[in-house]
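Here is the file upload-v8.cif (mmCIF, C-alpha atoms).
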data_target
loop_
_atom_site.group_PDB
_atom_site.id
_atom_site.type_symbol
_atom_site.label_atom_id
_atom_site.label_comp_id
_atom_site.auth_asym_id
_atom_site.auth_seq_id
_atom_site.Cartn_x
_atom_site.Cartn_y
_atom_site.Cartn_z
ATOM 1 C CA MET U 1 48.222 91.294 131.514
ATOM 2 C CA ILE U 2 49.193 92.923 128.204
ATOM 3 C CA LYS U 3 50.614 95.932 130.020
ATOM 4 C CA LYS U 4 52.612 93.655 132.313
ATOM 5 C CA ASN U 5 54.038 91.729 129.349
ATOM 6 C CA ARG U 6 55.015 94.953 127.627
ATOM 7 C CA THR U 7 56.793 96.133 130.758
ATOM 8 C CA THR U 8 58.656 92.827 131.058
ATOM 9 C CA PHE U 9 59.646 92.953 127.400
ATOM 10 C CA ALA U 10 60.856 96.538 127.766
ATOM 11 C CA CYS U 11 62.979 95.599 130.784
ATOM 12 C CA LEU U 12 64.498 92.662 128.924
ATOM 13 C CA LEU U 13 65.243 94.860 125.937
ATOM 14 C CA ILE U 14 66.994 97.425 128.127
ATOM 15 C CA LEU U 15 68.976 94.679 129.854
ATOM 16 C CA LEU U 16 70.076 93.148 126.550
ATOM 17 C CA PHE U 17 71.061 96.548 125.187
ATOM 18 C CA GLY U 18 73.018 97.259 128.351
ATOM 19 C CA CYS U 19 74.829 93.922 128.108
ATOM 20 C CA ALA U 20 75.694 94.539 124.469
ATOM 21 C CA LEU U 21 77.003 97.998 125.309
ATOM 22 C CA PHE U 22 78.990 96.613 128.224
ATOM 23 C CA TYR U 23 80.434 93.846 126.053
ATOM 24 C CA THR U 24 81.552 96.332 123.411
ATOM 25 C CA GLY U 25 82.899 98.842 125.898
ATOM 26 C CA THR U 26 84.874 96.294 127.880
ATOM 27 C CA ASP U 27 86.473 94.458 124.974
ATOM 28 C CA GLY U 28 84.278 91.383 125.237
ATOM 29 C CA PHE U 29 83.905 91.215 129.025
ATOM 30 C CA ARG U 30 87.683 90.794 129.326
ATOM 31 C CA ALA U 31 88.172 94.307 130.622
ATOM 32 C CA PHE U 32 86.147 96.026 133.266
ATOM 33 C CA THR U 33 88.182 99.214 133.369
ATOM 34 C CA ALA U 34 90.212 101.264 130.911
ATOM 35 C CA GLU U 35 93.394 100.183 132.715
ATOM 36 C CA THR U 36 92.581 96.493 132.321
ATOM 37 C CA ALA U 37 91.782 96.991 128.650
ATOM 38 C CA ARG U 38 95.111 98.775 128.192
ATOM 39 C CA VAL U 39 96.999 95.962 129.911
ATOM 40 C CA ASN U 40 95.210 93.329 127.837
ATOM 41 C CA GLN U 41 96.238 95.181 124.682
ATOM 42 C CA LEU U 42 99.867 95.352 125.809
ATOM 43 C CA ILE U 43 99.958 91.614 126.470
ATOM 44 C CA GLU U 44 98.394 90.949 123.086
ATOM 45 C CA ASP U 45 100.777 93.288 121.235
ATOM 46 C CA LYS U 46 103.928 92.035 123.023
ATOM 47 C CA PRO U 47 105.943 95.218 122.347
ATOM 48 C CA ALA U 48 109.709 94.895 122.031
ATOM 49 C CA PHE U 49 111.980 96.522 124.574
ATOM 50 C CA PRO U 50 113.405 99.603 122.817
ATOM 51 C CA ASP U 51 117.129 100.222 122.511
ATOM 52 C CA VAL U 52 118.091 102.005 125.734
ATOM 53 C CA THR U 53 121.203 102.414 127.846
ATOM 54 C CA PHE U 54 121.017 101.782 131.580
ATOM 55 C CA GLU U 55 123.180 103.214 134.323
ATOM 56 C CA ASP U 56 122.780 101.082 137.412
ATOM 57 C CA SER U 57 123.382 101.571 141.125
ATOM 58 C CA GLU U 58 126.998 100.483 140.698
ATOM 59 C CA GLY U 59 127.649 103.120 138.036
ATOM 60 C CA ARG U 60 127.859 100.557 135.222
ATOM 61 C CA THR U 61 126.356 101.391 131.844
ATOM 62 C CA TYR U 62 125.051 98.828 129.385
ATOM 63 C CA PRO U 63 122.356 98.326 126.737
ATOM 64 C CA ILE U 64 119.251 96.174 127.104
ATOM 65 C CA SER U 65 121.178 93.416 125.307
ATOM 66 C CA GLU U 66 122.953 92.884 128.653
ATOM 67 C CA PHE U 67 119.942 90.749 129.525
ATOM 68 C CA HIS U 68 119.720 88.822 126.266
ATOM 69 C CA ASP U 69 118.586 85.216 126.777
ATOM 70 C CA LYS U 70 117.142 86.057 130.208
ATOM 71 C CA TYR U 71 113.690 86.902 131.468
ATOM 72 C CA VAL U 72 113.537 90.358 133.035
ATOM 73 C CA PHE U 73 111.071 91.104 135.841
ATOM 74 C CA ILE U 74 110.595 94.874 135.919
ATOM 75 C CA THR U 75 109.117 97.685 137.979
ATOM 76 C CA PHE U 76 109.119 101.429 137.260
ATOM 77 C CA LEU U 77 109.615 103.856 140.156
ATOM 78 C CA TYR U 78 111.216 106.996 141.509
ATOM 79 C CA THR U 79 113.019 106.936 144.839
ATOM 80 C CA SER U 80 111.457 110.145 146.206
ATOM 81 C CA CYS U 81 108.024 108.529 146.028
ATOM 82 C CA THR U 82 106.390 108.142 149.434
ATOM 83 C CA THR U 83 103.181 106.438 148.311
ATOM 84 C CA VAL U 84 103.019 103.440 145.986
ATOM 85 C CA CYS U 85 106.713 102.941 145.080
ATOM 86 C CA PRO U 86 107.898 101.595 148.453
ATOM 87 C CA LYS U 87 104.989 99.148 148.473
ATOM 88 C CA LEU U 88 105.729 98.202 144.868
ATOM 89 C CA GLU U 89 109.343 97.392 145.701
ATOM 90 C CA MET U 90 108.466 95.559 148.923
ATOM 91 C CA ASN U 91 106.111 93.377 146.917
ATOM 92 C CA MET U 92 108.787 92.854 144.287
ATOM 93 C CA ALA U 93 111.104 91.724 147.083
ATOM 94 C CA GLN U 94 108.560 89.078 148.088
ATOM 95 C CA VAL U 95 108.361 87.784 144.525
ATOM 96 C CA TYR U 96 112.167 87.786 144.387
ATOM 97 C CA GLU U 97 112.351 85.728 147.571
ATOM 98 C CA GLN U 98 109.994 83.090 146.177
ATOM 99 C CA VAL U 99 111.907 82.486 142.932
ATOM 100 C CA PRO U 100 114.409 79.601 143.338
ATOM 101 C CA GLN U 101 117.993 80.847 143.546
ATOM 102 C CA GLU U 102 119.071 78.465 140.793
ATOM 103 C CA TYR U 103 117.375 80.713 138.215
ATOM 104 C CA PHE U 104 119.077 83.950 139.179
ATOM 105 C CA GLY U 105 121.813 85.230 136.924
ATOM 106 C CA LYS U 106 121.303 82.571 134.283
ATOM 107 C CA ASP U 107 117.578 82.596 133.549
ATOM 108 C CA ILE U 108 116.104 85.745 135.091
ATOM 109 C CA VAL U 109 117.108 89.137 136.436
ATOM 110 C CA PHE U 110 115.009 91.575 138.433
ATOM 111 C CA LEU U 111 115.220 95.211 137.356
ATOM 112 C CA SER U 112 113.783 98.354 138.951
ATOM 113 C CA ILE U 113 113.901 101.282 136.533
ATOM 114 C CA SER U 114 113.728 104.893 137.724
ATOM 115 C CA PHE U 115 111.848 107.404 135.601
ATOM 116 C CA ASP U 116 113.414 110.280 137.590
ATOM 117 C CA PRO U 117 117.005 110.060 136.306
ATOM 118 C CA THR U 118 118.040 113.561 137.387
ATOM 119 C CA ARG U 119 117.631 112.809 141.087
ATOM 120 C CA ASP U 120 118.060 109.031 140.970
ATOM 121 C CA ASP U 121 121.788 108.877 140.320
ATOM 122 C CA PRO U 122 123.805 105.702 141.040
ATOM 123 C CA ALA U 123 124.517 106.695 144.646
ATOM 124 C CA THR U 124 120.829 107.292 145.344
ATOM 125 C CA LEU U 125 119.851 104.023 143.691
ATOM 126 C CA ARG U 126 122.562 102.148 145.595
ATOM 127 C CA LYS U 127 121.199 103.402 148.912
ATOM 128 C CA TYR U 128 117.592 102.794 147.888
ATOM 129 C CA ARG U 129 118.150 99.187 146.824
ATOM 130 C CA THR U 130 119.421 98.262 150.283
ATOM 131 C CA TYR U 131 115.984 99.012 151.748
ATOM 132 C CA PHE U 132 114.527 96.084 149.812
ATOM 133 C CA GLY U 133 117.363 93.576 149.804
ATOM 134 C CA ALA U 134 118.311 94.091 146.140
ATOM 135 C CA ASP U 135 121.862 92.842 145.636
ATOM 136 C CA GLY U 136 122.724 94.974 142.613
ATOM 137 C CA GLU U 137 123.304 91.923 140.426
ATOM 138 C CA THR U 138 120.387 89.504 140.325
ATOM 139 C CA TRP U 139 118.157 92.434 141.283
ATOM 140 C CA ARG U 140 119.395 95.699 139.835
ATOM 141 C CA MET U 141 118.190 99.261 140.115
ATOM 142 C CA ALA U 142 118.993 101.568 137.228
ATOM 143 C CA ARG U 143 118.133 104.794 135.473
ATOM 144 C CA ILE U 144 117.944 105.749 131.791
ATOM 145 C CA SER U 145 119.619 109.145 131.524
ATOM 146 C CA ASN U 146 118.644 109.812 127.925
ATOM 147 C CA GLU U 147 115.175 111.390 128.017
ATOM 148 C CA THR U 148 114.293 110.265 124.502
ATOM 149 C CA GLU U 149 115.175 106.661 125.298
ATOM 150 C CA LEU U 150 113.290 106.799 128.601
ATOM 151 C CA LYS U 151 110.183 108.208 126.942
ATOM 152 C CA ALA U 152 110.343 105.538 124.226
ATOM 153 C CA LEU U 153 110.370 102.789 126.863
ATOM 154 C CA LEU U 154 107.562 104.295 128.937
ATOM 155 C CA ASP U 155 105.420 104.795 125.853
ATOM 156 C CA GLU U 156 106.095 101.314 124.508
ATOM 157 C CA PHE U 157 105.176 99.638 127.795
ATOM 158 C CA GLY U 158 102.218 101.894 128.537
ATOM 159 C CA VAL U 159 103.762 103.371 131.682
ATOM 160 C CA ILE U 160 101.978 106.625 132.506
ATOM 161 C CA VAL U 161 104.120 109.205 134.311
ATOM 162 C CA ILE U 162 102.733 112.680 134.988
ATOM 163 C CA PRO U 163 104.906 115.218 136.885
ATOM 164 C CA ASP U 164 103.039 117.447 139.335
ATOM 165 C CA GLY U 165 105.542 120.306 139.093
ATOM 166 C CA ARG U 166 106.662 119.823 142.704
ATOM 167 C CA GLY U 167 109.032 116.910 142.188
ATOM 168 C CA ASN U 168 106.439 114.153 142.436
ATOM 169 C CA PHE U 169 104.749 112.023 139.789
ATOM 170 C CA ALA U 170 101.370 110.444 139.285
ATOM 171 C CA HIS U 171 101.982 107.057 137.715
ATOM 172 C CA ASN U 172 100.568 103.592 137.235
ATOM 173 C CA SER U 173 102.294 100.604 138.809
ATOM 174 C CA ALA U 174 102.620 96.949 137.856
ATOM 175 C CA PHE U 175 105.015 94.057 137.446
ATOM 176 C CA TYR U 176 106.284 93.707 133.862
ATOM 177 C CA LEU U 177 107.800 90.510 132.475
ATOM 178 C CA VAL U 178 110.048 90.599 129.405
ATOM 179 C CA ASP U 179 111.036 87.373 127.669
ATOM 180 C CA PRO U 180 114.581 86.370 126.591
ATOM 181 C CA ASN U 181 113.948 87.846 123.149
ATOM 182 C CA GLY U 182 113.199 91.271 124.629
ATOM 183 C CA SER U 183 109.407 91.270 124.197
ATOM 184 C CA LEU U 184 106.928 92.212 126.900
ATOM 185 C CA ILE U 185 104.855 89.092 127.587
ATOM 186 C CA ASP U 186 102.976 89.931 130.763
ATOM 187 C CA VAL U 187 101.819 92.794 132.955
ATOM 188 C CA MET U 188 100.857 91.651 136.441
ATOM 189 C CA ASP U 189 99.037 93.248 139.344
ATOM 190 C CA TYR U 190 101.761 94.192 141.816
ATOM 191 C CA ARG U 191 99.367 93.538 144.697
ATOM 192 C CA GLU U 192 98.994 89.868 143.720
ATOM 193 C CA ILE U 193 102.388 88.750 144.992
ATOM 194 C CA ASP U 194 101.882 84.997 145.169
ATOM 195 C CA GLN U 195 100.109 84.932 141.822
ATOM 196 C CA ALA U 196 102.991 86.790 140.159
ATOM 197 C CA ALA U 197 105.615 84.550 141.775
ATOM 198 C CA THR U 198 103.739 81.394 140.778
ATOM 199 C CA LYS U 199 103.484 82.580 137.181
ATOM 200 C CA VAL U 200 107.183 83.441 136.945
ATOM 201 C CA ILE U 201 108.279 80.147 138.522
ATOM 202 C CA ARG U 202 106.011 78.179 136.203
ATOM 203 C CA ILE U 203 107.528 79.903 133.158
ATOM 204 C CA LEU U 204 111.067 79.245 134.375
ATOM 205 C CA ASP U 205 110.282 75.623 135.213
ATOM 206 C CA ASN U 206 108.785 75.117 131.752
ATOM 207 C CA GLU U 207 111.902 76.589 130.142
ATOM 208 C CA LYS U 208 114.084 74.279 132.206
ATOM 209 C CA GLY U 209 112.018 71.257 131.194
ATOM 210 C CA GLU U 210 112.318 71.901 127.468
#

What is this structure when it is put down as structure tokens?
Amino acid sequence: MIKKNRTTFACLLILLFGCALFYTGTDGFRAFTAETARVNQLIEDKPAFPDVTFEDSEGRTYPISEFHDKYVFITFLYTSCTTVCPKLEMNMAQVYEQVPQEYFGKDIVFLSISFDPTRDDPATLRKYRTYFGADGETWRMARISNETELKALLDEFGVIVIPDGRGNFAHNSAFYLVDPNGSLIDVMDYREIDQAATKVIRILDNEKGE
């Protein structure tokens, strides 16, 4: 009986220690992976969109202040990608289709940003956007030609881009939402289309009701 009790106590002790270690390592059970913990930190920090200059699919250039007073729903991609990027943009298109038209132009803009500016020139972006129904206005595709500016944005928003030396990139993918003041307020799973659309619509509806 004593031996059995000791064994039970030892098991409980190991379990409690494991739970404590898990709690500490996952940022209080909020994060189950390093990626989730990183995203949680981004949402908590709410980093500001750095000062960058875009060149879009129509060849227009403008600063981030172009979108002042609007929410910006963002993806990061490169058009030569044959794996996750097409799926990312198709899912973005589904979110775009669910947002009421009344909000476009005035309250929100969709923006796909290429991190491969050398190859993704305006002509390439213009062709690419047609595959997903992006109109070039309420949903724009653009590049940031200045490498320093591009790196600053990727670093600030925790976008990991690793070139493989053969023209491709390993990268993480998500939906990013920037508020009208230029701060990142959410990072959403790009696979959860309806959840992302519902969240965006709720935010826009709340803004309209104020």

Might you pull out every residue within 12 Å of U:Val161, with all atoms listed in the file counted and same-chain residues fewer than 3 positions away left off, and present them as a JSON list (two decimals) with C-alpha atoms, in the frame of the given file?
[["chain", "number", "residue", "atom", "x", "y", "z"],
["U", 76, "PHE", "CA", 109.12, 101.43, 137.26],
["U", 77, "LEU", "CA", 109.62, 103.86, 140.16],
["U", 78, "TYR", "CA", 111.22, 107.00, 141.51],
["U", 114, "SER", "CA", 113.73, 104.89, 137.72],
["U", 115, "PHE", "CA", 111.85, 107.40, 135.60],
["U", 116, "ASP", "CA", 113.41, 110.28, 137.59],
["U", 150, "LEU", "CA", 113.29, 106.80, 128.60],
["U", 151, "LYS", "CA", 110.18, 108.21, 126.94],
["U", 153, "LEU", "CA", 110.37, 102.79, 126.86],
["U", 154, "LEU", "CA", 107.56, 104.30, 128.94],
["U", 155, "ASP", "CA", 105.42, 104.80, 125.85],
["U", 157, "PHE", "CA", 105.18, 99.64, 127.80],
["U", 158, "GLY", "CA", 102.22, 101.89, 128.54],
["U", 164, "ASP", "CA", 103.04, 117.45, 139.34],
["U", 168, "ASN", "CA", 106.44, 114.15, 142.44],
["U", 169, "PHE", "CA", 104.75, 112.02, 139.79],
["U", 170, "ALA", "CA", 101.37, 110.44, 139.28],
["U", 171, "HIS", "CA", 101.98, 107.06, 137.72],
["U", 172, "ASN", "CA", 100.57, 103.59, 137.24],
["U", 173, "SER", "CA", 102.29, 100.60, 138.81]]

Given the file shown, determine the residues that the PyMOL selection byres ((chain U and resi 183-196) around 7) selects; report them as a ChimeraX atom specification.
-> /U:39,43,46-49,88,91,94-95,174-179,181-182,197-200

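Separating atom CA of U:Ala37 from atom CA of U:Arg202 is a distance of 24.8 Å.
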
Atom CA of U:His68 to atom CA of U:Glu207: how many Å, to one decimal?
->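 Atom-to-atom, atom CA of U:His68 to atom CA of U:Glu207, that is 15.0 Å.
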
How would you write as a VMD selection string the residues that get within 9 Å of (114.7, 85.3, 134.2) in the file's frame, counting only C-alpha atoms?
-> chain U and resid 67 69 to 73 103 to 110 177 to 180 200 204

Give as an MDAnalysis selection string the residues that the PyMOL selection byres ((chain U and resi 136) around 12) matches when applied to the coordinates above.
-> chainID U and resid 55:60 105 109:112 122 125:130 132:135 137:142

Just how far from atom CA of U:Thr79 is atom CA of U:Gly167, in Å to one decimal?
->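 Separating atom CA of U:Gly167 from atom CA of U:Thr79 is a distance of 11.1 Å.
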
If we count all atoms listed in the file, what is near U:Glu66 at a cut-off of 10 Å, once residues fewer than 5 positions away on the same chain are taken out, given as an mmCIF file with C-alpha atoms, keeping the file's coordinate frame?
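Generated file (result.cif):
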data_model
loop_
_atom_site.group_PDB
_atom_site.id
_atom_site.type_symbol
_atom_site.label_atom_id
_atom_site.label_comp_id
_atom_site.auth_asym_id
_atom_site.auth_seq_id
_atom_site.Cartn_x
_atom_site.Cartn_y
_atom_site.Cartn_z
ATOM 1 C CA THR U 53 121.203 102.414 127.846
ATOM 2 C CA PHE U 54 121.017 101.782 131.580
ATOM 3 C CA THR U 61 126.356 101.391 131.844
#
